[in-house]
$ cat my_file.cif   # mmCIF, C-alpha atoms and all ligand atoms
data_start
#
loop_
_atom_site.label_atom_id
_atom_site.label_comp_id
_atom_site.auth_asym_id
_atom_site.auth_seq_id
_atom_site.Cartn_x
_atom_site.Cartn_y
_atom_site.Cartn_z
CA MET A 1 -16.28 5.95 25.74
CA GLU A 2 -17.98 2.94 24.20
CA LEU A 3 -15.96 0.57 22.01
CA LEU A 4 -17.98 0.28 18.78
CA TYR A 5 -15.76 -2.06 16.78
CA GLU A 6 -12.46 -3.87 17.09
CA GLY A 7 -10.61 -4.89 13.95
CA LYS A 8 -7.24 -6.57 13.50
CA ALA A 9 -5.26 -3.32 13.56
CA LYS A 10 -7.57 -0.70 15.06
CA LYS A 11 -10.26 -0.08 17.65
CA VAL A 12 -13.12 2.33 17.01
CA TYR A 13 -14.75 4.25 19.87
CA ALA A 14 -17.72 6.60 20.15
CA THR A 15 -17.10 10.22 21.22
CA ASP A 16 -19.46 12.81 22.65
CA ILE A 17 -19.23 14.78 19.40
CA LYS A 18 -21.96 14.05 16.85
CA ASN A 19 -20.77 12.00 13.87
CA VAL A 20 -17.19 11.86 15.19
CA LEU A 21 -15.40 8.65 16.21
CA ARG A 22 -12.05 7.97 17.86
CA ILE A 23 -9.75 5.40 16.30
CA GLU A 24 -6.95 3.73 18.23
CA TYR A 25 -4.15 2.08 16.27
CA LYS A 26 -3.16 -1.22 17.91
CA ASN A 27 0.22 -2.91 18.17
CA SER A 28 -1.02 -6.13 16.57
CA ALA A 29 0.32 -7.25 13.22
CA THR A 30 -1.59 -9.86 11.23
CA ALA A 31 -1.24 -11.44 7.81
CA PHE A 32 -3.02 -14.01 5.66
CA ASN A 33 -6.40 -13.18 7.16
CA GLY A 34 -5.13 -13.36 10.72
CA VAL A 35 -3.40 -16.74 10.38
CA LYS A 36 -0.03 -15.14 11.19
CA LYS A 37 -0.08 -12.69 14.07
CA ASP A 38 2.19 -10.91 16.50
CA VAL A 39 2.22 -7.97 18.87
CA ILE A 40 4.80 -5.38 17.89
CA GLU A 41 5.54 -2.66 20.44
CA GLY A 42 5.43 0.77 18.79
CA LYS A 43 3.53 -0.32 15.65
CA GLY A 44 0.36 1.58 16.61
CA ILE A 45 2.33 4.80 17.06
CA LEU A 46 4.02 4.41 13.67
CA ASN A 47 0.86 3.59 11.73
CA ASN A 48 -1.05 6.45 13.34
CA LEU A 49 1.84 8.69 12.30
CA PHE A 50 1.86 7.43 8.70
CA SER A 51 -1.89 7.39 8.29
CA SER A 52 -2.38 10.91 9.69
CA TYR A 53 0.41 12.18 7.45
CA PHE A 54 -0.96 10.56 4.28
CA PHE A 55 -4.54 11.65 4.93
CA ASP A 56 -3.23 15.23 5.34
CA LEU A 57 -1.14 14.96 2.19
CA LEU A 58 -4.08 13.62 0.18
CA ARG A 59 -6.39 16.34 1.51
CA LYS A 60 -3.93 18.98 0.30
CA GLU A 61 -4.31 17.39 -3.14
CA GLY A 62 -8.11 17.61 -2.94
CA ILE A 63 -8.85 14.05 -1.79
CA GLU A 64 -11.19 14.18 1.19
CA SER A 65 -11.09 11.48 3.87
CA HIS A 66 -12.63 10.62 7.22
CA PHE A 67 -9.49 11.93 8.99
CA LEU A 68 -10.05 14.94 11.26
CA GLN A 69 -7.16 15.16 13.71
CA LYS A 70 -4.37 13.17 15.36
CA ILE A 71 -5.07 13.47 19.10
CA SER A 72 -2.36 11.27 20.63
CA ASP A 73 0.46 8.93 19.66
CA THR A 74 -1.96 6.15 18.80
CA GLU A 75 -5.31 7.91 18.29
CA GLN A 76 -7.11 10.04 15.76
CA LEU A 77 -10.56 11.57 15.45
CA VAL A 78 -12.45 10.73 12.28
CA THR A 79 -15.79 11.51 10.69
CA GLN A 80 -18.25 8.68 11.20
CA VAL A 81 -18.88 6.77 7.98
CA THR A 82 -20.51 3.52 7.00
CA ILE A 83 -17.75 1.51 5.41
CA ILE A 84 -18.55 0.30 1.89
CA PRO A 85 -17.57 -3.38 2.22
CA LEU A 86 -15.03 -3.34 -0.60
CA GLU A 87 -11.25 -3.51 -0.53
CA VAL A 88 -10.18 -1.32 -3.42
CA ILE A 89 -6.74 -2.50 -4.54
CA VAL A 90 -4.62 -0.62 -7.07
CA ARG A 91 -1.64 -2.42 -8.62
CA ASN A 92 1.15 -0.69 -10.53
CA VAL A 93 3.51 -3.66 -10.41
CA ALA A 94 2.56 -7.33 -10.07
CA ALA A 95 3.23 -8.68 -6.57
CA GLY A 96 1.62 -10.70 -3.80
CA THR A 97 -1.55 -12.60 -4.59
CA LEU A 98 -1.71 -11.32 -8.19
CA ALA A 99 1.75 -12.65 -8.99
CA LYS A 100 0.85 -15.96 -7.37
CA ARG A 101 -2.63 -16.28 -8.92
CA ILE A 102 -1.64 -15.76 -12.54
CA GLY A 103 1.96 -16.95 -12.44
CA VAL A 104 3.50 -13.60 -13.40
CA GLU A 105 6.82 -12.66 -11.84
CA GLU A 106 6.80 -10.27 -8.85
CA GLY A 107 8.11 -6.97 -10.14
CA HIS A 108 6.44 -7.19 -13.56
CA ILE A 109 5.36 -3.64 -14.42
CA MET A 110 1.71 -3.37 -15.44
CA LYS A 111 0.86 -1.41 -18.63
CA PHE A 112 -1.53 0.69 -16.55
CA PRO A 113 -2.72 0.69 -12.93
CA VAL A 114 -5.04 -2.27 -12.42
CA ILE A 115 -7.91 -2.03 -9.96
CA GLU A 116 -9.16 -5.10 -8.09
CA LEU A 117 -12.26 -5.08 -5.91
CA CYS A 118 -12.61 -7.57 -3.07
CA TYR A 119 -15.63 -8.16 -0.88
CA LYS A 120 -14.71 -7.28 2.74
CA ARG A 121 -15.67 -10.58 4.32
CA ASP A 122 -12.97 -12.16 6.49
CA ASP A 123 -15.13 -15.28 6.90
CA LEU A 124 -14.96 -15.80 3.10
CA GLY A 125 -11.32 -14.72 2.69
CA ASP A 126 -12.23 -11.40 0.99
CA PRO A 127 -13.19 -12.84 -2.44
CA MET A 128 -12.63 -10.78 -5.57
CA LEU A 129 -15.80 -9.40 -7.20
CA ASN A 130 -16.42 -7.93 -10.62
CA ASP A 131 -18.43 -4.77 -11.32
CA ASP A 132 -21.59 -6.75 -12.09
CA HIS A 133 -21.47 -8.58 -8.74
CA ILE A 134 -21.05 -5.30 -6.89
CA ILE A 135 -23.94 -3.54 -8.63
CA ALA A 136 -26.29 -6.55 -8.81
CA LEU A 137 -25.77 -7.34 -5.13
CA ASP A 138 -26.27 -3.68 -4.08
CA ILE A 139 -22.80 -3.40 -2.55
CA ALA A 140 -22.41 -0.12 -4.46
CA THR A 141 -24.27 1.59 -7.30
CA PHE A 142 -22.83 2.04 -10.79
CA ASP A 143 -22.10 5.72 -10.06
CA GLU A 144 -20.55 4.97 -6.66
CA LEU A 145 -18.31 2.33 -8.19
CA LYS A 146 -17.21 4.82 -10.85
CA GLU A 147 -16.42 7.35 -8.11
CA LEU A 148 -14.46 4.80 -6.05
CA LYS A 149 -12.34 3.88 -9.05
CA GLN A 150 -11.70 7.49 -10.04
CA LYS A 151 -10.69 8.37 -6.48
CA ALA A 152 -8.46 5.30 -6.19
CA LEU A 153 -6.61 6.20 -9.41
CA ARG A 154 -6.18 9.82 -8.32
CA ILE A 155 -4.82 8.66 -4.93
CA ASN A 156 -2.44 6.38 -6.83
CA GLU A 157 -1.13 9.33 -8.90
CA VAL A 158 -0.57 11.50 -5.83
CA LEU A 159 1.16 8.76 -3.84
CA ILE A 160 3.35 7.57 -6.75
CA ALA A 161 4.61 11.15 -7.24
CA TYR A 162 5.18 11.64 -3.51
CA PHE A 163 7.16 8.41 -3.01
CA LYS A 164 9.22 9.05 -6.14
CA ASN A 165 10.85 11.97 -4.25
CA PHE A 166 12.33 9.37 -1.89
CA ASN A 167 13.35 6.87 -4.59
CA LEU A 168 10.50 4.57 -3.56
CA ASP A 169 8.17 2.73 -5.95
CA LEU A 170 4.52 2.32 -4.94
CA ILE A 171 3.91 -1.27 -6.05
CA ASP A 172 0.29 -1.60 -4.90
CA PHE A 173 -2.08 -0.57 -2.13
CA LYS A 174 -5.48 -1.26 -0.62
CA ILE A 175 -7.92 1.44 0.43
CA GLU A 176 -11.44 1.53 1.76
CA PHE A 177 -14.18 4.11 1.43
CA GLY A 178 -17.13 5.02 3.60
CA LYS A 179 -20.34 7.00 3.27
CA THR A 180 -21.16 9.89 5.60
CA ALA A 181 -24.61 10.59 7.01
CA ASP A 182 -25.04 13.01 4.04
CA GLY A 183 -24.16 10.32 1.51
CA GLU A 184 -20.71 11.74 0.68
CA ILE A 185 -18.08 9.12 -0.17
CA LEU A 186 -14.85 9.59 1.80
CA LEU A 187 -11.58 7.73 1.85
CA ALA A 188 -11.55 5.91 5.21
CA ASP A 189 -9.73 3.16 7.13
CA GLU A 190 -5.97 3.80 6.97
CA VAL A 191 -3.11 4.53 4.58
CA SER A 192 0.09 3.01 5.93
CA PRO A 193 2.81 0.46 5.11
CA ASP A 194 0.37 -2.17 6.45
CA THR A 195 -1.85 -1.53 3.43
CA CYS A 196 0.61 -0.93 0.60
CA ARG A 197 3.80 -2.25 -0.94
CA LEU A 198 6.75 0.11 -1.21
CA TRP A 199 10.07 -0.89 -2.72
CA ASP A 200 13.31 1.05 -2.94
CA ALA A 201 13.47 1.86 -6.66
CA THR A 202 17.16 0.89 -6.89
CA THR A 203 17.72 -1.95 -4.43
CA LYS A 204 14.09 -3.21 -4.38
CA GLN A 205 14.32 -3.33 -0.55
CA LYS A 206 10.82 -3.63 0.95
CA PHE A 207 9.47 -0.94 3.30
CA ASP A 208 6.05 -2.49 3.99
CA LYS A 209 4.23 -5.30 5.79
CA ASP A 210 5.71 -7.94 3.46
CA VAL A 211 8.76 -7.89 5.78
CA PHE A 212 6.44 -9.35 8.43
CA ARG A 213 4.35 -11.56 6.12
CA ARG A 214 7.51 -13.18 4.72
CA ASP A 215 9.82 -12.91 7.78
CA ILE A 216 12.27 -10.73 5.86
CA ALA A 217 13.09 -8.11 8.52
CA PRO A 218 11.70 -6.77 11.82
CA LEU A 219 8.55 -4.74 11.17
CA ARG A 220 9.06 -1.92 13.68
CA GLU A 221 12.61 -1.19 12.51
CA THR A 222 11.46 -1.27 8.87
CA TYR A 223 8.57 1.15 9.51
CA GLN A 224 10.85 3.42 11.58
CA ALA A 225 13.39 3.45 8.72
CA LEU A 226 10.56 4.44 6.36
CA ALA A 227 9.40 7.23 8.69
CA ASP A 228 13.01 8.50 8.90
CA LYS A 229 13.40 8.35 5.12
CA LEU A 230 10.18 10.34 4.62
CA GLY A 231 11.04 12.76 7.45
CA ILE A 232 7.78 11.98 9.27
CA SER A 233 7.88 12.24 13.07
P1 LIG A 301 -2.24 -8.89 -2.10
O1 LIG A 301 -1.19 -8.95 -3.14
O2 LIG A 301 -1.94 -9.71 -0.89
O3 LIG A 301 -3.60 -9.16 -2.67
O4 LIG A 301 -2.30 -7.39 -1.56
C1 LIG A 301 -2.49 -6.27 -2.42
C2 LIG A 301 -2.30 -5.01 -1.61
O5 LIG A 301 -3.35 -4.87 -0.67
C3 LIG A 301 -1.02 -4.96 -0.80
O6 LIG A 301 -0.52 -3.63 -0.83
C4 LIG A 301 -1.43 -5.32 0.60
C5 LIG A 301 -2.83 -4.81 0.67
N1 LIG A 301 -3.70 -5.62 1.51
C6 LIG A 301 -4.29 -5.08 2.64
O7 LIG A 301 -4.06 -3.92 2.96
N2 LIG A 301 -5.12 -5.85 3.38
C7 LIG A 301 -5.42 -7.13 3.06
O8 LIG A 301 -6.20 -7.77 3.78
C8 LIG A 301 -4.81 -7.69 1.88
C9 LIG A 301 -5.09 -9.10 1.48
C10 LIG A 301 -3.97 -6.90 1.15
N1 LIG A 302 -4.73 -7.66 6.61
C1 LIG A 302 -4.87 -9.09 6.43
C2 LIG A 302 -4.68 -9.81 7.74
O1 LIG A 302 -4.61 -9.22 8.75
C3 LIG A 302 -4.05 -9.65 5.34
C4 LIG A 302 -2.73 -9.04 5.00
O2 LIG A 302 -2.53 -7.84 5.12
O3 LIG A 302 -1.85 -9.80 4.54
O4 LIG A 302 -4.62 -10.99 7.86
#

$ encode --input "my_file.cif" --output "structure tokens" --more "lines below"
Ligand code: TMP
Ligand code: ASP
Amino acid sequence: MELLYEGKAKKVYATDIKNVLRIEYKNSATAFNGVKKDVIEGKGILNNLFSSYFFDLLRKEGIESHFLQKISDTEQLVTQVTIIPLEVIVRNVAAGTLAKRIGVEEGHIMKFPVIELCYKRDDLGDPMLNDDHIIALDIATFDELKELKQKALRINEVLIAYFKNFNLDLIDFKIEFGKTADGEILLADEVSPDTCRLWDATTKQKFDKDVFRRDIAPLRETYQALADKLGIS
């Protein structure tokens, strides 16, 4: 079937079912807008596993997504959506670019979850936008933006509570949303350790892509250890 789109971590194919696409999780790992990259055997399998599991978990909590079914080790079927070109980031603890940008220490606990919205434009380095930019430039309407933020905060609550069971702190994460043919807004893209930060609450050990970004530990072994910890297989 026709390849519709190839991103850094996934390929998207057409299917013969109306409004249904097939996503293949790749073995490539990238960071810093593709400046650092590697091929990591087994990464696609692990991220398909995580993402399918988290989409299921979120659906059980009433959060709908594009996810339909895991159909192989590296593939899933999803509802076709038009991606809203925003990276919706939720931060519970300062880390990464926030810590760097404003000179606050990594690990500083935020008084409340902070949402950042970045324009999905690799060629521009995904610049941060404010609400006015988004509405004035027709990237999303006022009501859509409100919905995205509400959904992001609800997802944050569900995931924080889930990871707490395994003594893991959800530091931050990035999600994307898409619009269906009927105009419904669904969580899309992926939910995996590629797109969040997870620290052991006691030791602060990292179980996310920072191990690759910062050359701390091998990525596949780290993701496998996370899958084992969560009992996902
Ligand atoms: P940051 O601190 O690098 O801005 O990242 C914030 C969160 O967003 C972190 O959990 C990693 C995730 N993220 C992505 O999933 N994709 C990206 O392209 C970037 C920059 C961050
Ligand atoms: N996803 C981005 C990249 O592939 C950035 C990151 O996750 O650090 O370069």

$ residues_around --input "my_file.cif" --residues "A:Asn33" --least-positions-apart "4" --cutoff "10 Å" --atoms "all atoms listed in the file" --output "list in words"
Lys8, Lys37, Asp122, Asp123, Leu124, Gly125 and Asp126 of chain A

$ closest_atom_pairs --input "my_file.cif" --of "chain A" --to "ligand LIG 302 (chain A)" --cutoff "12 Å" --atoms "all atoms listed in the file" --output "CSV"
residue,atom,partner,partner_atom,distance
A:Gly7,CA,A:LIG302,O1,9.0
A:Lys8,CA,A:LIG302,O1,6.0
A:Ala9,CA,A:LIG302,O1,7.6
A:Lys10,CA,A:LIG302,O1,11.0
A:Ser28,CA,A:LIG302,O1,9.1
A:Ala29,CA,A:LIG302,O1,6.9
A:Thr30,CA,A:LIG302,O1,4.0
A:Ala31,CA,A:LIG302,O4,3.4
A:Phe32,CA,A:LIG302,O4,4.1
A:Asn33,CA,A:LIG302,O4,2.9
A:Gly34,CA,A:LIG302,O4,3.7
A:Val35,CA,A:LIG302,O4,6.4
A:Lys36,CA,A:LIG302,O4,7.0
A:Lys37,CA,A:LIG302,O1,7.8
A:Asp38,CA,A:LIG302,O1,10.4
A:Glu87,CA,A:LIG302,N1,10.5
A:Ile89,CA,A:LIG302,O2,11.8
A:Gly96,CA,A:LIG302,O3,9.1
A:Thr97,CA,A:LIG302,O3,9.6
A:Lys120,CA,A:LIG302,C1,10.7
A:Arg121,CA,A:LIG302,C1,11.1
A:Asp122,CA,A:LIG302,O4,8.5
A:Asp123,CA,A:LIG302,O4,11.4
A:Gly125,CA,A:LIG302,O4,9.2
A:Asp126,CA,A:LIG302,C3,9.4
A:Phe173,CA,A:LIG302,O2,10.3
A:Lys174,CA,A:LIG302,O2,9.2
A:Ile175,CA,A:LIG302,N1,11.5
A:Asp189,CA,A:LIG302,N1,11.9
A:Glu190,CA,A:LIG302,N1,11.5
A:Ser192,CA,A:LIG302,O2,11.2
A:Pro193,CA,A:LIG302,O2,9.9
A:Asp194,CA,A:LIG302,O2,6.5
A:Thr195,CA,A:LIG302,O2,6.6
A:Cys196,CA,A:LIG302,O2,8.8
A:Arg197,CA,A:LIG302,O2,10.4
A:Asp208,CA,A:LIG302,O2,10.2
A:Lys209,CA,A:LIG302,O2,7.3
A:Asp210,CA,A:LIG302,O3,7.9
A:Val211,CA,A:LIG302,O3,10.9
A:Phe212,CA,A:LIG302,O3,9.2
A:Arg213,CA,A:LIG302,O3,6.6
A:Arg214,CA,A:LIG302,O3,10.0

$ closest_residue --input "my_file.cif" --among "A:Phe112, A:Tyr25, A:Tyr119, A:Tyr162" --to "A:Lys70" --atoms "all atoms listed in the file"
A:Tyr25

$ closest_residue --input "my_file.cif" --among "A:Asn156, A:Ala188, A:Arg91, A:Leu46" --to "A:Leu21" --atoms "all atoms listed in the file"
A:Ala188

$ atom_distance --input "my_file.cif" --atom1 "atom CA of A:Glu6" --atom2 "atom CA of A:Leu86"
17.9 Å

$ residues_around --input "my_file.cif" --residues "A:Thr222" --least-positions-apart "3" --cutoff "8 Å" --atoms "all atoms listed in the file" --output "VMD selection string"
chain A and resid 207 to 208 211 217 to 219 225 to 226

$ residues_around --input "my_file.cif" --residues "A:Leu3" --least-positions-apart "5" --cutoff "7 Å" --atoms "only C-alpha atoms" --output "number ranges by chain"
A: 12-14

$ residues_near_point --input "my_file.cif" --point "(2.0, 3.3, 13.2)" --cutoff "10 Å" --atoms "only C-alpha atoms" --output "PyMOL selection string"
chain A and resi 9+25-27+42-52+73-74+192-194+220+223-224+227

$ write_last_selection --input "my_file.cif" --atoms "C-alpha atoms" --output "PDB file, in the coordinates of the input"
ATOM      1  CA  ALA A   9      -5.260  -3.320  13.560  1.00  0.00           C
ATOM      2  CA  TYR A  25      -4.150   2.080  16.270  1.00  0.00           C
ATOM      3  CA  LYS A  26      -3.160  -1.220  17.910  1.00  0.00           C
ATOM      4  CA  ASN A  27       0.220  -2.910  18.170  1.00  0.00           C
ATOM      5  CA  GLY A  42       5.430   0.770  18.790  1.00  0.00           C
ATOM      6  CA  LYS A  43       3.530  -0.320  15.650  1.00  0.00           C
ATOM      7  CA  GLY A  44       0.360   1.580  16.610  1.00  0.00           C
ATOM      8  CA  ILE A  45       2.330   4.800  17.060  1.00  0.00           C
ATOM      9  CA  LEU A  46       4.020   4.410  13.670  1.00  0.00           C
ATOM     10  CA  ASN A  47       0.860   3.590  11.730  1.00  0.00           C
ATOM     11  CA  ASN A  48      -1.050   6.450  13.340  1.00  0.00           C
ATOM     12  CA  LEU A  49       1.840   8.690  12.300  1.00  0.00           C
ATOM     13  CA  PHE A  50       1.860   7.430   8.700  1.00  0.00           C
ATOM     14  CA  SER A  51      -1.890   7.390   8.290  1.00  0.00           C
ATOM     15  CA  SER A  52      -2.380  10.910   9.690  1.00  0.00           C
ATOM     16  CA  ASP A  73       0.460   8.930  19.660  1.00  0.00           C
ATOM     17  CA  THR A  74      -1.960   6.150  18.800  1.00  0.00           C
ATOM     18  CA  SER A 192       0.090   3.010   5.930  1.00  0.00           C
ATOM     19  CA  PRO A 193       2.810   0.460   5.110  1.00  0.00           C
ATOM     20  CA  ASP A 194       0.370  -2.170   6.450  1.00  0.00           C
ATOM     21  CA  ARG A 220       9.060  -1.920  13.680  1.00  0.00           C
ATOM     22  CA  TYR A 223       8.570   1.150   9.510  1.00  0.00           C
ATOM     23  CA  GLN A 224      10.850   3.420  11.580  1.00  0.00           C
ATOM     24  CA  ALA A 227       9.400   7.230   8.690  1.00  0.00           C
TER      25      ALA A 227
END

$ atom_distance --input "my_file.cif" --atom1 "atom CA of A:Ile115" --atom2 "atom CA of A:Lys149"
7.4 Å

$ atom_distance --input "my_file.cif" --atom1 "atom CA of A:Lys229" --atom2 "atom CA of A:Trp199"
12.6 Å

$ closest_residue --input "my_file.cif" --among "A:His66, A:Lys179, A:Lys164, A:Lys206" --to "ligand LIG 301 (chain A)" --atoms "all atoms listed in the file"
A:Lys206

$ residues_around --input "my_file.cif" --residues "A:His133" --least-positions-apart "6" --cutoff "12 Å" --atoms "only C-alpha atoms" --output "list in words"
Leu86, Leu117, Cys118, Tyr119, Pro127, Ile139, Ala140, Thr141, Phe142 and Leu145 of chain A

$ closest_residue --input "my_file.cif" --among "A:Asn130, A:Thr79, A:Gln69, A:Gln205" --to "A:Phe177" --atoms "only C-alpha atoms"
A:Thr79

$ closest_residue --input "my_file.cif" --among "A:Glu221, A:Glu106, A:Asp138, A:Asp228" --to "ligand LIG 301 (chain A)" --atoms "all atoms listed in the file"
A:Glu106

$ closest_residue --input "my_file.cif" --among "A:Glu157, A:Glu184, A:Asp172, A:Ile216" --to "A:Glu61" --atoms "all atoms listed in the file"
A:Glu157

$ axis_aligned_box --input "my_file.cif" --around "stretch 9-25 of chain A" --padding-each-side "8 Å" --output "lines of an AutoDock Vina configuration file"
center_x = -13.1
center_y = 5.7
center_z = 18.1
size_x = 33.8
size_y = 34.1
size_z = 25.1

$ residues_around --input "my_file.cif" --residues "A:Gln80" --least-positions-apart "6" --cutoff "7 Å" --atoms "only C-alpha atoms" --output "count of residues only"
4

$ build_atoms --input "my_file.cif" --residues "stretch 60-79 of chain A" --atoms "N, CA, C and O atoms" --output "compact mmCIF listing (two decimals), in the frame of the given file"
# COMPACT_ATOMS: atom_id res chain seq x y z
N LYS A 60 -4.54 17.82 0.98
CA LYS A 60 -3.93 18.98 0.30
C LYS A 60 -4.04 18.85 -1.20
O LYS A 60 -4.00 19.85 -1.93
N GLU A 61 -4.16 17.63 -1.69
CA GLU A 61 -4.31 17.39 -3.14
C GLU A 61 -5.78 17.25 -3.52
O GLU A 61 -6.10 16.76 -4.61
N GLY A 62 -6.67 17.59 -2.61
CA GLY A 62 -8.11 17.61 -2.94
C GLY A 62 -8.84 16.30 -2.70
O GLY A 62 -9.98 16.15 -3.14
N ILE A 63 -8.17 15.35 -2.04
CA ILE A 63 -8.85 14.05 -1.79
C ILE A 63 -9.32 14.02 -0.33
O ILE A 63 -8.51 13.90 0.60
N GLU A 64 -10.61 14.13 -0.16
CA GLU A 64 -11.19 14.18 1.19
C GLU A 64 -11.21 12.79 1.81
O GLU A 64 -11.35 11.78 1.12
N SER A 65 -11.05 12.76 3.16
CA SER A 65 -11.09 11.48 3.87
C SER A 65 -11.83 11.66 5.18
O SER A 65 -12.23 12.77 5.53
N HIS A 66 -11.96 10.57 5.91
CA HIS A 66 -12.63 10.62 7.22
C HIS A 66 -11.74 11.27 8.28
O HIS A 66 -12.21 11.63 9.35
N PHE A 67 -10.45 11.44 7.99
CA PHE A 67 -9.49 11.93 8.99
C PHE A 67 -9.78 13.37 9.42
O PHE A 67 -9.94 14.25 8.60
N LEU A 68 -9.85 13.58 10.74
CA LEU A 68 -10.05 14.94 11.26
C LEU A 68 -8.79 15.44 11.95
O LEU A 68 -8.28 16.51 11.64
N GLN A 69 -8.26 14.65 12.88
CA GLN A 69 -7.16 15.16 13.71
C GLN A 69 -6.46 14.01 14.43
O GLN A 69 -7.13 13.09 14.92
N LYS A 70 -5.14 14.12 14.53
CA LYS A 70 -4.37 13.17 15.36
C LYS A 70 -4.43 13.73 16.78
O LYS A 70 -4.09 14.90 16.99
N ILE A 71 -4.90 12.92 17.74
CA ILE A 71 -5.07 13.47 19.10
C ILE A 71 -4.10 12.87 20.12
O ILE A 71 -4.03 13.36 21.24
N SER A 72 -3.40 11.82 19.75
CA SER A 72 -2.36 11.27 20.63
C SER A 72 -1.46 10.40 19.77
O SER A 72 -1.71 10.23 18.58
N ASP A 73 -0.46 9.81 20.39
CA ASP A 73 0.46 8.93 19.66
C ASP A 73 -0.26 7.86 18.85
O ASP A 73 0.14 7.55 17.73
N THR A 74 -1.32 7.30 19.46
CA THR A 74 -1.96 6.15 18.80
C THR A 74 -3.40 6.42 18.36
O THR A 74 -4.06 5.51 17.87
N GLU A 75 -3.87 7.67 18.55
CA GLU A 75 -5.31 7.91 18.29
C GLU A 75 -5.55 9.07 17.33
O GLU A 75 -4.82 10.05 17.32
N GLN A 76 -6.65 8.93 16.60
CA GLN A 76 -7.11 10.04 15.76
C GLN A 76 -8.63 10.15 15.84
O GLN A 76 -9.32 9.17 16.15
N LEU A 77 -9.12 11.35 15.59
CA LEU A 77 -10.56 11.57 15.45
C LEU A 77 -10.90 11.51 13.97
O LEU A 77 -10.14 12.02 13.13
N VAL A 78 -12.02 10.87 13.67
CA VAL A 78 -12.45 10.73 12.28
C VAL A 78 -13.94 11.01 12.17
O VAL A 78 -14.67 10.87 13.15
N THR A 79 -14.36 11.38 10.98
CA THR A 79 -15.79 11.51 10.69
C THR A 79 -16.41 10.12 10.62
O THR A 79 -15.84 9.21 10.01
